[in-house]
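J.: Next comes run00.cif, mmCIF, C-alpha atoms:
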```cif
data_final
loop_
_atom_site.group_PDB
_atom_site.id
_atom_site.type_symbol
_atom_site.label_atom_id
_atom_site.label_comp_id
_atom_site.auth_asym_id
_atom_site.auth_seq_id
_atom_site.Cartn_x
_atom_site.Cartn_y
_atom_site.Cartn_z
ATOM 1 C CA MET J 1 83.020 95.642 186.174
ATOM 2 C CA MET J 2 86.497 96.251 187.532
ATOM 3 C CA ARG J 3 87.324 96.052 191.219
ATOM 4 C CA GLU J 4 89.942 98.343 192.671
ATOM 5 C CA ILE J 5 92.158 96.340 195.011
ATOM 6 C CA ARG J 6 94.930 98.710 195.944
ATOM 7 C CA LYS J 7 95.996 102.349 195.806
ATOM 8 C CA ARG J 8 99.514 103.567 196.264
ATOM 9 C CA GLU J 9 100.889 107.037 195.634
ATOM 10 C CA GLY J 10 98.016 107.919 193.373
ATOM 11 C CA ALA J 11 98.266 104.757 191.278
ATOM 12 C CA SER J 12 95.377 102.316 191.089
ATOM 13 C CA PHE J 13 95.641 98.585 190.615
ATOM 14 C CA PHE J 14 92.688 96.668 189.250
ATOM 15 C CA VAL J 15 91.537 93.123 188.786
ATOM 16 C CA GLN J 16 89.565 92.452 185.626
ATOM 17 C CA PRO J 17 87.310 89.425 186.155
ATOM 18 C CA PHE J 18 87.751 86.660 183.597
ATOM 19 C CA HIS J 19 85.875 83.473 182.986
ATOM 20 C CA HIS J 20 88.134 80.723 184.329
ATOM 21 C CA LEU J 21 88.428 78.935 181.000
ATOM 22 C CA ASP J 22 89.424 82.196 179.308
ATOM 23 C CA SER J 23 92.024 82.746 182.015
ATOM 24 C CA LEU J 24 93.338 79.217 181.549
ATOM 25 C CA SER J 25 93.745 79.914 177.846
ATOM 26 C CA ILE J 26 95.788 83.016 178.652
ATOM 27 C CA LEU J 27 97.783 81.215 181.342
ATOM 28 C CA TYR J 28 98.462 78.354 178.952
ATOM 29 C CA ALA J 29 99.642 80.742 176.239
ATOM 30 C CA ILE J 30 101.889 82.662 178.640
ATOM 31 C CA SER J 31 103.515 79.432 179.843
ATOM 32 C CA HIS J 32 105.680 79.151 176.760
ATOM 33 C CA PRO J 33 109.321 77.974 176.805
ATOM 34 C CA ALA J 34 110.351 80.936 174.642
ATOM 35 C CA LEU J 35 109.605 83.302 177.542
ATOM 36 C CA THR J 36 111.828 83.781 180.566
ATOM 37 C CA PRO J 37 110.437 82.793 183.985
ATOM 38 C CA THR J 38 110.333 86.448 185.060
ATOM 39 C CA SER J 39 108.436 87.438 181.913
ATOM 40 C CA ARG J 40 105.899 84.682 182.481
ATOM 41 C CA GLY J 41 105.254 85.830 186.036
ATOM 42 C CA LEU J 42 104.830 89.468 185.024
ATOM 43 C CA LEU J 43 102.646 88.637 182.042
ATOM 44 C CA CYS J 44 100.414 86.462 184.208
ATOM 45 C CA LEU J 45 99.859 89.261 186.717
ATOM 46 C CA HIS J 46 99.251 91.724 183.909
ATOM 47 C CA LEU J 47 97.054 89.663 181.583
ATOM 48 C CA VAL J 48 95.306 87.298 183.995
ATOM 49 C CA GLY J 49 95.270 89.470 187.106
ATOM 50 C CA GLY J 50 94.913 92.809 185.342
ATOM 51 C CA LEU J 51 97.720 94.355 187.407
ATOM 52 C CA SER J 52 99.509 97.521 186.402
ATOM 53 C CA ASN J 53 103.262 96.902 186.427
ATOM 54 C CA ASP J 54 104.140 100.301 187.904
ATOM 55 C CA LEU J 55 105.298 98.852 191.235
ATOM 56 C CA LEU J 56 107.687 96.505 189.460
ATOM 57 C CA VAL J 57 109.565 99.250 187.641
ATOM 58 C CA PRO J 58 113.243 99.193 188.694
ATOM 59 C CA HIS J 59 114.773 102.400 189.973
ATOM 60 C CA GLY J 60 116.068 104.614 187.204
ATOM 61 C CA GLN J 61 113.736 103.231 184.542
ATOM 62 C CA SER J 62 110.688 105.096 183.350
ATOM 63 C CA VAL J 63 107.233 103.554 183.391
ATOM 64 C CA GLU J 64 107.134 104.072 179.622
ATOM 65 C CA ARG J 65 110.290 102.007 179.160
ATOM 66 C CA TRP J 66 108.890 99.274 181.379
ATOM 67 C CA LYS J 67 105.655 99.218 179.369
ATOM 68 C CA GLU J 68 107.702 98.983 176.192
ATOM 69 C CA ARG J 69 109.420 95.898 177.626
ATOM 70 C CA LEU J 70 106.000 94.421 178.310
ATOM 71 C CA SER J 71 104.885 95.233 174.769
ATOM 72 C CA ARG J 72 107.968 93.514 173.352
ATOM 73 C CA ALA J 73 107.237 90.456 175.477
ATOM 74 C CA LEU J 74 103.680 90.378 174.174
ATOM 75 C CA ARG J 75 104.875 90.710 170.587
ATOM 76 C CA GLY J 76 107.377 87.933 171.153
ATOM 77 C CA LEU J 77 104.627 85.836 172.654
ATOM 78 C CA SER J 78 102.391 86.266 169.632
ATOM 79 C CA ILE J 79 105.235 85.344 167.282
ATOM 80 C CA SER J 80 106.556 82.389 169.295
ATOM 81 C CA ILE J 81 103.297 80.623 169.995
ATOM 82 C CA SER J 82 101.579 78.738 167.215
ATOM 83 C CA SER J 83 97.819 78.969 166.878
ATOM 84 C CA ASP J 84 97.161 75.464 168.165
ATOM 85 C CA VAL J 85 98.247 76.376 171.713
ATOM 86 C CA LEU J 86 96.439 79.674 172.030
ATOM 87 C CA SER J 87 93.506 77.863 173.596
ATOM 88 C CA PHE J 88 93.754 75.751 176.712
ATOM 89 C CA ARG J 89 94.196 72.058 175.987
ATOM 90 C CA PRO J 90 94.188 69.861 179.101
ATOM 91 C CA ASP J 91 95.663 66.919 177.188
ATOM 92 C CA ASN J 92 99.054 68.594 176.711
ATOM 93 C CA ASN J 93 101.065 67.002 179.528
ATOM 94 C CA ASP J 94 104.376 68.544 178.492
ATOM 95 C CA ARG J 95 103.082 72.049 179.083
ATOM 96 C CA GLU J 96 101.729 71.592 182.598
ATOM 97 C CA ASN J 97 105.086 71.996 184.337
ATOM 98 C CA LEU J 98 105.453 75.432 182.761
ATOM 99 C CA VAL J 99 101.888 76.328 183.747
ATOM 100 C CA LEU J 100 102.593 75.354 187.364
ATOM 101 C CA ASP J 101 105.849 77.303 187.265
ATOM 102 C CA THR J 102 104.056 80.382 185.944
ATOM 103 C CA LEU J 103 101.513 80.106 188.757
ATOM 104 C CA TYR J 104 104.333 79.704 191.279
ATOM 105 C CA ARG J 105 106.116 82.843 190.095
ATOM 106 C CA SER J 106 102.920 84.873 189.854
ATOM 107 C CA ILE J 107 101.734 83.899 193.329
ATOM 108 C CA THR J 108 105.202 84.616 194.736
ATOM 109 C CA LEU J 109 104.922 88.132 193.318
ATOM 110 C CA CYS J 110 101.414 88.446 194.765
ATOM 111 C CA ASN J 111 102.741 87.469 198.187
ATOM 112 C CA ARG J 112 105.470 90.090 197.999
ATOM 113 C CA LEU J 113 103.064 92.769 196.758
ATOM 114 C CA SER J 114 100.252 91.792 199.170
ATOM 115 C CA LEU J 115 97.886 91.381 196.214
ATOM 116 C CA THR J 116 95.360 89.207 198.005
ATOM 117 C CA ASP J 117 92.582 89.401 195.394
ATOM 118 C CA ILE J 118 94.815 88.319 192.534
ATOM 119 C CA ARG J 119 96.427 85.588 194.642
ATOM 120 C CA LEU J 120 93.030 84.141 195.540
ATOM 121 C CA TYR J 121 91.957 84.307 191.910
ATOM 122 C CA LEU J 122 95.100 82.431 190.845
ATOM 123 C CA GLU J 123 94.370 79.877 193.564
ATOM 124 C CA GLN J 124 90.918 79.298 192.048
ATOM 125 C CA LEU J 125 92.526 79.056 188.630
ATOM 126 C CA PHE J 126 94.877 76.361 189.908
ATOM 127 C CA HIS J 127 91.940 74.328 191.216
ATOM 128 C CA THR J 128 90.274 74.633 187.804
ATOM 129 C CA PHE J 129 93.473 73.404 186.161
ATOM 130 C CA ARG J 130 94.277 70.734 188.765
ATOM 131 C CA PRO J 131 91.844 67.986 187.582
ATOM 132 C CA HIS J 132 93.611 67.993 184.200
ATOM 133 C CA LEU J 133 97.082 67.415 185.633
ATOM 134 C CA PHE J 134 98.890 64.328 184.423
ATOM 135 C CA HIS J 135 101.562 64.612 187.127
ATOM 136 C CA VAL J 136 99.319 64.493 190.181
ATOM 137 C CA ALA J 137 102.264 64.524 192.583
ATOM 138 C CA GLU J 138 103.488 67.841 191.205
ATOM 139 C CA GLY J 139 100.038 69.340 191.624
ATOM 140 C CA LEU J 140 100.080 68.237 195.251
ATOM 141 C CA GLY J 141 103.607 69.586 195.624
ATOM 142 C CA PHE J 142 102.481 72.961 194.351
ATOM 143 C CA TRP J 143 99.496 72.977 196.693
ATOM 144 C CA ALA J 144 101.763 71.974 199.597
ATOM 145 C CA TRP J 145 104.063 74.919 198.829
ATOM 146 C CA TYR J 146 101.077 77.264 198.602
ATOM 147 C CA THR J 147 99.661 76.008 201.913
ATOM 148 C CA LEU J 148 103.008 76.365 203.684
ATOM 149 C CA GLU J 149 103.257 79.926 202.396
ATOM 150 C CA GLU J 150 99.748 80.536 203.725
ATOM 151 C CA GLY J 151 100.955 79.341 207.117
ATOM 152 C CA ARG J 152 103.391 82.241 207.376
ATOM 153 C CA ARG J 153 101.206 84.874 205.722
ATOM 154 C CA TYR J 154 100.503 86.871 208.889
ATOM 155 C CA ALA J 155 104.225 87.120 209.640
ATOM 156 C CA THR J 156 104.780 88.343 206.077
ATOM 157 C CA LEU J 157 102.826 91.484 206.933
ATOM 158 C CA PHE J 158 105.706 92.439 209.237
ATOM 159 C CA ASP J 159 108.616 91.093 207.197
ATOM 160 C CA LEU J 160 108.696 89.519 203.749
ATOM 161 C CA GLU J 161 111.741 87.342 204.299
ATOM 162 C CA ILE J 162 111.437 84.088 206.213
ATOM 163 C CA ARG J 163 114.852 84.602 207.805
ATOM 164 C CA HIS J 164 113.573 87.687 209.675
ATOM 165 C CA GLN J 165 110.085 86.482 210.565
ATOM 166 C CA GLN J 166 108.875 85.783 214.087
ATOM 167 C CA ARG J 167 107.828 82.155 214.013
ATOM 168 C CA SER J 168 105.311 82.735 216.773
ATOM 169 C CA LYS J 169 103.243 84.592 214.155
ATOM 170 C CA TRP J 170 102.991 81.506 211.939
ATOM 171 C CA ASN J 171 99.788 79.468 211.716
ATOM 172 C CA ASN J 172 100.846 76.009 212.881
ATOM 173 C CA LYS J 173 97.616 74.291 211.822
ATOM 174 C CA THR J 174 97.996 75.530 208.258
ATOM 175 C CA ILE J 175 101.649 74.506 208.245
ATOM 176 C CA GLU J 176 100.736 71.008 209.445
ATOM 177 C CA ARG J 177 98.237 70.761 206.600
ATOM 178 C CA GLY J 178 100.941 71.801 204.146
ATOM 179 C CA LEU J 179 103.354 69.216 205.531
ATOM 180 C CA SER J 180 100.679 66.543 205.171
ATOM 181 C CA LEU J 181 100.116 67.511 201.525
ATOM 182 C CA LEU J 182 103.857 67.401 200.923
ATOM 183 C CA GLN J 183 104.108 63.916 202.388
ATOM 184 C CA GLU J 184 101.247 62.784 200.166
ATOM 185 C CA SER J 185 103.031 64.227 197.135
ATOM 186 C CA LYS J 186 106.222 62.358 197.997
ATOM 187 C CA THR J 187 104.405 59.043 198.368
ATOM 188 C CA LEU J 188 102.905 59.387 194.885
ATOM 189 C CA SER J 189 106.239 59.705 193.107
ATOM 190 C CA TYR J 190 109.854 58.894 193.888
ATOM 191 C CA GLU J 191 110.996 61.385 191.257
ATOM 192 C CA TRP J 192 110.384 64.808 192.721
ATOM 193 C CA GLY J 193 109.624 67.625 190.324
ATOM 194 C CA PRO J 194 110.315 71.332 190.887
ATOM 195 C CA GLN J 195 107.099 71.993 192.809
ATOM 196 C CA THR J 196 107.700 69.175 195.281
ATOM 197 C CA LEU J 197 111.320 70.279 195.644
ATOM 198 C CA ARG J 198 110.305 73.874 196.404
ATOM 199 C CA ALA J 199 107.786 72.714 198.984
ATOM 200 C CA SER J 200 110.370 70.395 200.559
ATOM 201 C CA ILE J 201 112.955 73.172 200.866
ATOM 202 C CA LEU J 202 110.422 75.542 202.405
ATOM 203 C CA ALA J 203 109.259 72.815 204.810
ATOM 204 C CA MET J 204 112.834 72.198 205.997
ATOM 205 C CA LYS J 205 113.312 75.884 206.742
ATOM 206 C CA MET J 206 109.977 76.136 208.548
ATOM 207 C CA GLN J 207 110.480 73.012 210.653
ATOM 208 C CA ALA J 208 113.882 74.144 211.922
ATOM 209 C CA ALA J 209 114.176 75.940 215.263
ATOM 210 C CA SER J 210 115.486 79.001 213.419
ATOM 211 C CA TYR J 211 116.480 79.973 209.909
ATOM 212 C CA GLU J 212 120.171 79.613 210.726
ATOM 213 C CA GLN J 213 119.565 76.120 212.145
ATOM 214 C CA SER J 214 117.929 74.850 208.965
ATOM 215 C CA PRO J 215 119.414 71.577 207.631
ATOM 216 C CA TRP J 216 121.501 73.392 205.051
ATOM 217 C CA GLU J 217 123.319 70.338 203.711
ATOM 218 C CA ASP J 218 119.998 68.696 202.836
ATOM 219 C CA ILE J 219 118.693 71.982 201.452
ATOM 220 C CA LEU J 220 121.842 72.368 199.344
ATOM 221 C CA ARG J 221 121.284 68.943 197.817
ATOM 222 C CA LEU J 222 117.674 69.769 196.931
ATOM 223 C CA GLN J 223 118.620 73.223 195.631
ATOM 224 C CA LEU J 224 121.116 71.614 193.266
ATOM 225 C CA ILE J 225 118.443 69.258 191.922
ATOM 226 C CA LEU J 226 116.004 72.153 191.604
ATOM 227 C CA LEU J 227 118.641 74.085 189.676
ATOM 228 C CA SER J 228 118.430 71.423 186.960
ATOM 229 C CA PHE J 229 114.758 72.387 186.476
ATOM 230 C CA ASP J 230 114.974 76.103 187.182
ATOM 231 C CA LYS J 231 118.030 77.971 185.916
ATOM 232 C CA SER J 232 116.774 81.439 186.809
ATOM 233 C CA SER J 233 118.884 83.968 188.703
ATOM 234 C CA GLU J 234 116.632 83.582 191.743
ATOM 235 C CA GLN J 235 117.252 79.854 191.902
ATOM 236 C CA LEU J 236 120.996 80.228 191.357
ATOM 237 C CA LEU J 237 121.133 82.710 194.231
ATOM 238 C CA ALA J 238 119.126 80.339 196.431
ATOM 239 C CA TYR J 239 121.649 77.593 195.674
ATOM 240 C CA ILE J 240 124.567 79.923 196.433
ATOM 241 C CA GLU J 241 122.924 80.934 199.718
ATOM 242 C CA ALA J 242 122.640 77.285 200.766
ATOM 243 C CA LEU J 243 126.243 76.721 199.696
ATOM 244 C CA GLY J 244 127.315 79.690 201.804
ATOM 245 C CA HIS J 245 125.532 78.326 204.863
ATOM 246 C CA THR J 246 127.174 74.937 204.310
ATOM 247 C CA LYS J 247 130.716 75.933 203.333
ATOM 248 C CA GLY J 248 130.870 79.418 204.824
ATOM 249 C CA PRO J 249 130.492 82.890 203.255
ATOM 250 C CA GLU J 250 134.183 83.131 202.366
ATOM 251 C CA TYR J 251 133.758 80.059 200.135
ATOM 252 C CA VAL J 252 131.148 81.651 197.857
ATOM 253 C CA LEU J 253 132.255 85.296 197.970
ATOM 254 C CA PRO J 254 134.633 84.905 194.955
ATOM 255 C CA ILE J 255 131.605 84.025 192.809
ATOM 256 C CA PHE J 256 130.308 87.562 193.322
ATOM 257 C CA GLN J 257 133.641 89.320 193.044
ATOM 258 C CA ASP J 258 134.001 88.039 189.491
ATOM 259 C CA ARG J 259 130.664 89.586 188.504
ATOM 260 C CA THR J 260 129.968 93.164 187.488
ATOM 261 C CA CYS J 261 126.247 93.735 187.137
ATOM 262 C CA THR J 262 123.407 96.034 188.086
ATOM 263 C CA ASP J 263 121.098 93.246 189.250
ATOM 264 C CA TYR J 264 120.086 94.314 192.754
ATOM 265 C CA ARG J 265 119.557 90.685 193.813
ATOM 266 C CA TRP J 266 123.208 89.792 193.225
ATOM 267 C CA ILE J 267 124.428 93.010 194.839
ATOM 268 C CA HIS J 268 122.180 92.379 197.846
ATOM 269 C CA ALA J 269 123.411 88.787 198.185
ATOM 270 C CA GLN J 270 127.040 89.926 198.076
ATOM 271 C CA ALA J 271 126.297 92.520 200.754
ATOM 272 C CA GLN J 272 124.823 89.767 202.919
ATOM 273 C CA LEU J 273 128.020 87.739 202.634
ATOM 274 C CA LEU J 274 130.201 90.716 203.536
ATOM 275 C CA LYS J 275 127.976 91.391 206.532
ATOM 276 C CA GLN J 276 128.408 87.795 207.714
ATOM 277 C CA LEU J 277 132.178 88.188 207.380
ATOM 278 C CA GLY J 278 132.104 91.315 209.538
ATOM 279 C CA ARG J 279 133.032 93.668 206.692
ATOM 280 C CA LYS J 280 130.273 96.094 207.596
ATOM 281 C CA LYS J 281 131.548 99.152 205.735
ATOM 282 C CA ASP J 282 131.868 97.237 202.465
ATOM 283 C CA ALA J 283 128.470 95.643 203.063
ATOM 284 C CA LEU J 284 126.835 99.027 203.662
ATOM 285 C CA ILE J 285 128.156 100.358 200.347
ATOM 286 C CA LEU J 286 126.714 97.372 198.487
ATOM 287 C CA TYR J 287 123.384 97.612 200.311
ATOM 288 C CA GLN J 288 123.143 101.214 199.134
ATOM 289 C CA HIS J 289 123.932 100.133 195.564
ATOM 290 C CA ALA J 290 121.255 97.436 195.794
ATOM 291 C CA LEU J 291 118.733 100.016 197.009
ATOM 292 C CA HIS J 292 119.542 102.195 194.013
ATOM 293 C CA TYR J 293 118.692 99.448 191.522
ATOM 294 C CA ALA J 294 115.898 97.652 193.400
ATOM 295 C CA PRO J 295 112.189 98.049 192.602
ATOM 296 C CA GLU J 296 110.232 99.827 195.306
ATOM 297 C CA LEU J 297 108.634 96.664 196.638
ATOM 298 C CA GLU J 298 112.047 95.086 197.368
ATOM 299 C CA GLN J 299 113.591 98.071 199.106
ATOM 300 C CA SER J 300 112.073 97.263 202.503
ATOM 301 C CA VAL J 301 113.785 93.845 202.449
ATOM 302 C CA ILE J 302 117.171 95.454 201.836
ATOM 303 C CA LEU J 303 116.550 98.104 204.492
ATOM 304 C CA ASN J 304 115.758 95.396 207.063
ATOM 305 C CA ASP J 305 119.112 93.755 206.359
ATOM 306 C CA MET J 306 120.842 97.118 206.827
ATOM 307 C CA VAL J 307 119.324 97.834 210.258
ATOM 308 C CA ASP J 308 122.270 96.761 212.407
ATOM 309 C CA LEU J 309 124.805 98.419 210.103
ATOM 310 C CA GLN J 310 123.607 101.981 210.656
#
```
Since I need it in another form, could you write the structure as structure tokens?

T.:
Amino acid sequence: MMREIRKREGASFFVQPFHHLDSLSILYAISHPALTPTSRGLLCLHLVGGLSNDLLVPHGQSVERWKERLSRALRGLSISISSDVLSFRPDNNDRENLVLDTLYRSITLCNRLSLTDIRLYLEQLFHTFRPHLFHVAEGLGFWAWYTLEEGRRYATLFDLEIRHQQRSKWNNKTIERGLSLLQESKTLSYEWGPQTLRASILAMKMQAASYEQSPWEDILRLQLILLSFDKSSEQLLAYIEALGHTKGPEYVLPIFQDRTCTDYRWIHAQAQLLKQLGRKKDALILYQHALHYAPELEQSVILNDMVDLQ
């Protein structure tokens, strides 16, 4: 039986219950190096969570075109993956980092879409997978990141971005538990993996008095290390943001001026830099461009950044 979890503008979003081992098989198959990080996150929500991808359709693209992209990804998945990895094998240690990364990206999307049912299901899936982890510290690092995110969940209802959130709305007890898990992860291994790095960066931002007062030099160092694991656009932008806070917006602005793209994330980031430099008219133009290309779920974030420019 399917459970309806959300309705929006006439569209329904469903969760199809799976047996956990079946879901692990799917998750394991999705976590393939031939797929991009974004594709893995979307496929996980679609195949494991049973989510329609309608909300993720960028502006100007039809739902049919988006579904065709998903179909191509599925075809590529079936071609790229050999039959011996189509079922979950807990003894494959090399694959677990990709599985954790897929869970990270899927849960991040769930947080942004407020898909509580799917997020909780993925949490259960992680706990089913966790006993098989070879890198125990990375499992703890992932759980620390998840717990820290839980600590700011109530504030997320009002604003998705940590830089805008009222810290009084955070759950300090949950955050303390996340910090304790992070410390335990660090004591288990001196070589931090991507999950421990992500949790550490988030912890630094949450422990600071304000977002602007975060220890950006330390964050920059960790972002650079994380970039060696995660070369996605999101991670590159996170590194550039930390660099901008450390060196100043004028230092990183030329990186954007040499780019011509329709990726709303890059356009939005450039608008943020122009806003910091006081070039409000130029920033407003770029914010409007970012809105044009952004999926519906991201538009509220951009609008919040535009508030004091109107």

J.: Starting from the shown file, work through the PyMOL selection byres ((chain J and resi 255) around 12) and note down what comes out as number ranges by chain.

T.: J: 236-237, 240-241, 243-244, 249-254, 256-260, 266-267, 269-270, 273

J.: Interatomic distance between atom CA of Val307 of chain J and atom CA of His292 of chain J?

T.: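 Atom CA of His292 of chain J lies at a distance of 16.8 Å from atom CA of Val307 of chain J.
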
J.: Excluding segment 132-144 of chain J and any residue of its chain fewer than 4 positions from it, enumerate the residues within 7 Å of it, using all atoms listed in the file, and give them as a list in words.

T.: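 These residues fall inside the cut-off: Pro90, Asn93, Glu96, Leu148, Gly178, Leu179, Leu181, Leu182, Ser185, Leu188, Ser189, Gly193, Gln195, Thr196 and Ala199 of chain J.
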
J.: One decimal, in Å: what's the spacing between atom CA of Thr38 of chain J and atom CA of Tyr239 of chain J?

T.: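 Atom CA of Thr38 of chain J sits 17.9 Å away from atom CA of Tyr239 of chain J.
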
J.: Mind checking which residues fall within 10 Å of segment 200-210 of chain J, counting all atoms listed in the file, ignoring those fewer than 3 positions away in the same chain, and posting them as a PyMOL selection string?

T.: chain J and resi 141+144-145+148-149+151-152+162-167+170+175-176+178-179+182-183+186+192+194-197+213-216+218-223+226

J.: Check the smallest atom-to-atom distance from each of J:Gln272, J:Ser233, J:Glu217, J:Ile285 to Lys247 of chain J using only C-alpha atoms, then report the winner.

T.: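 Looking at the shortest contact to Lys247 of chain J, the residue is J:Glu217.
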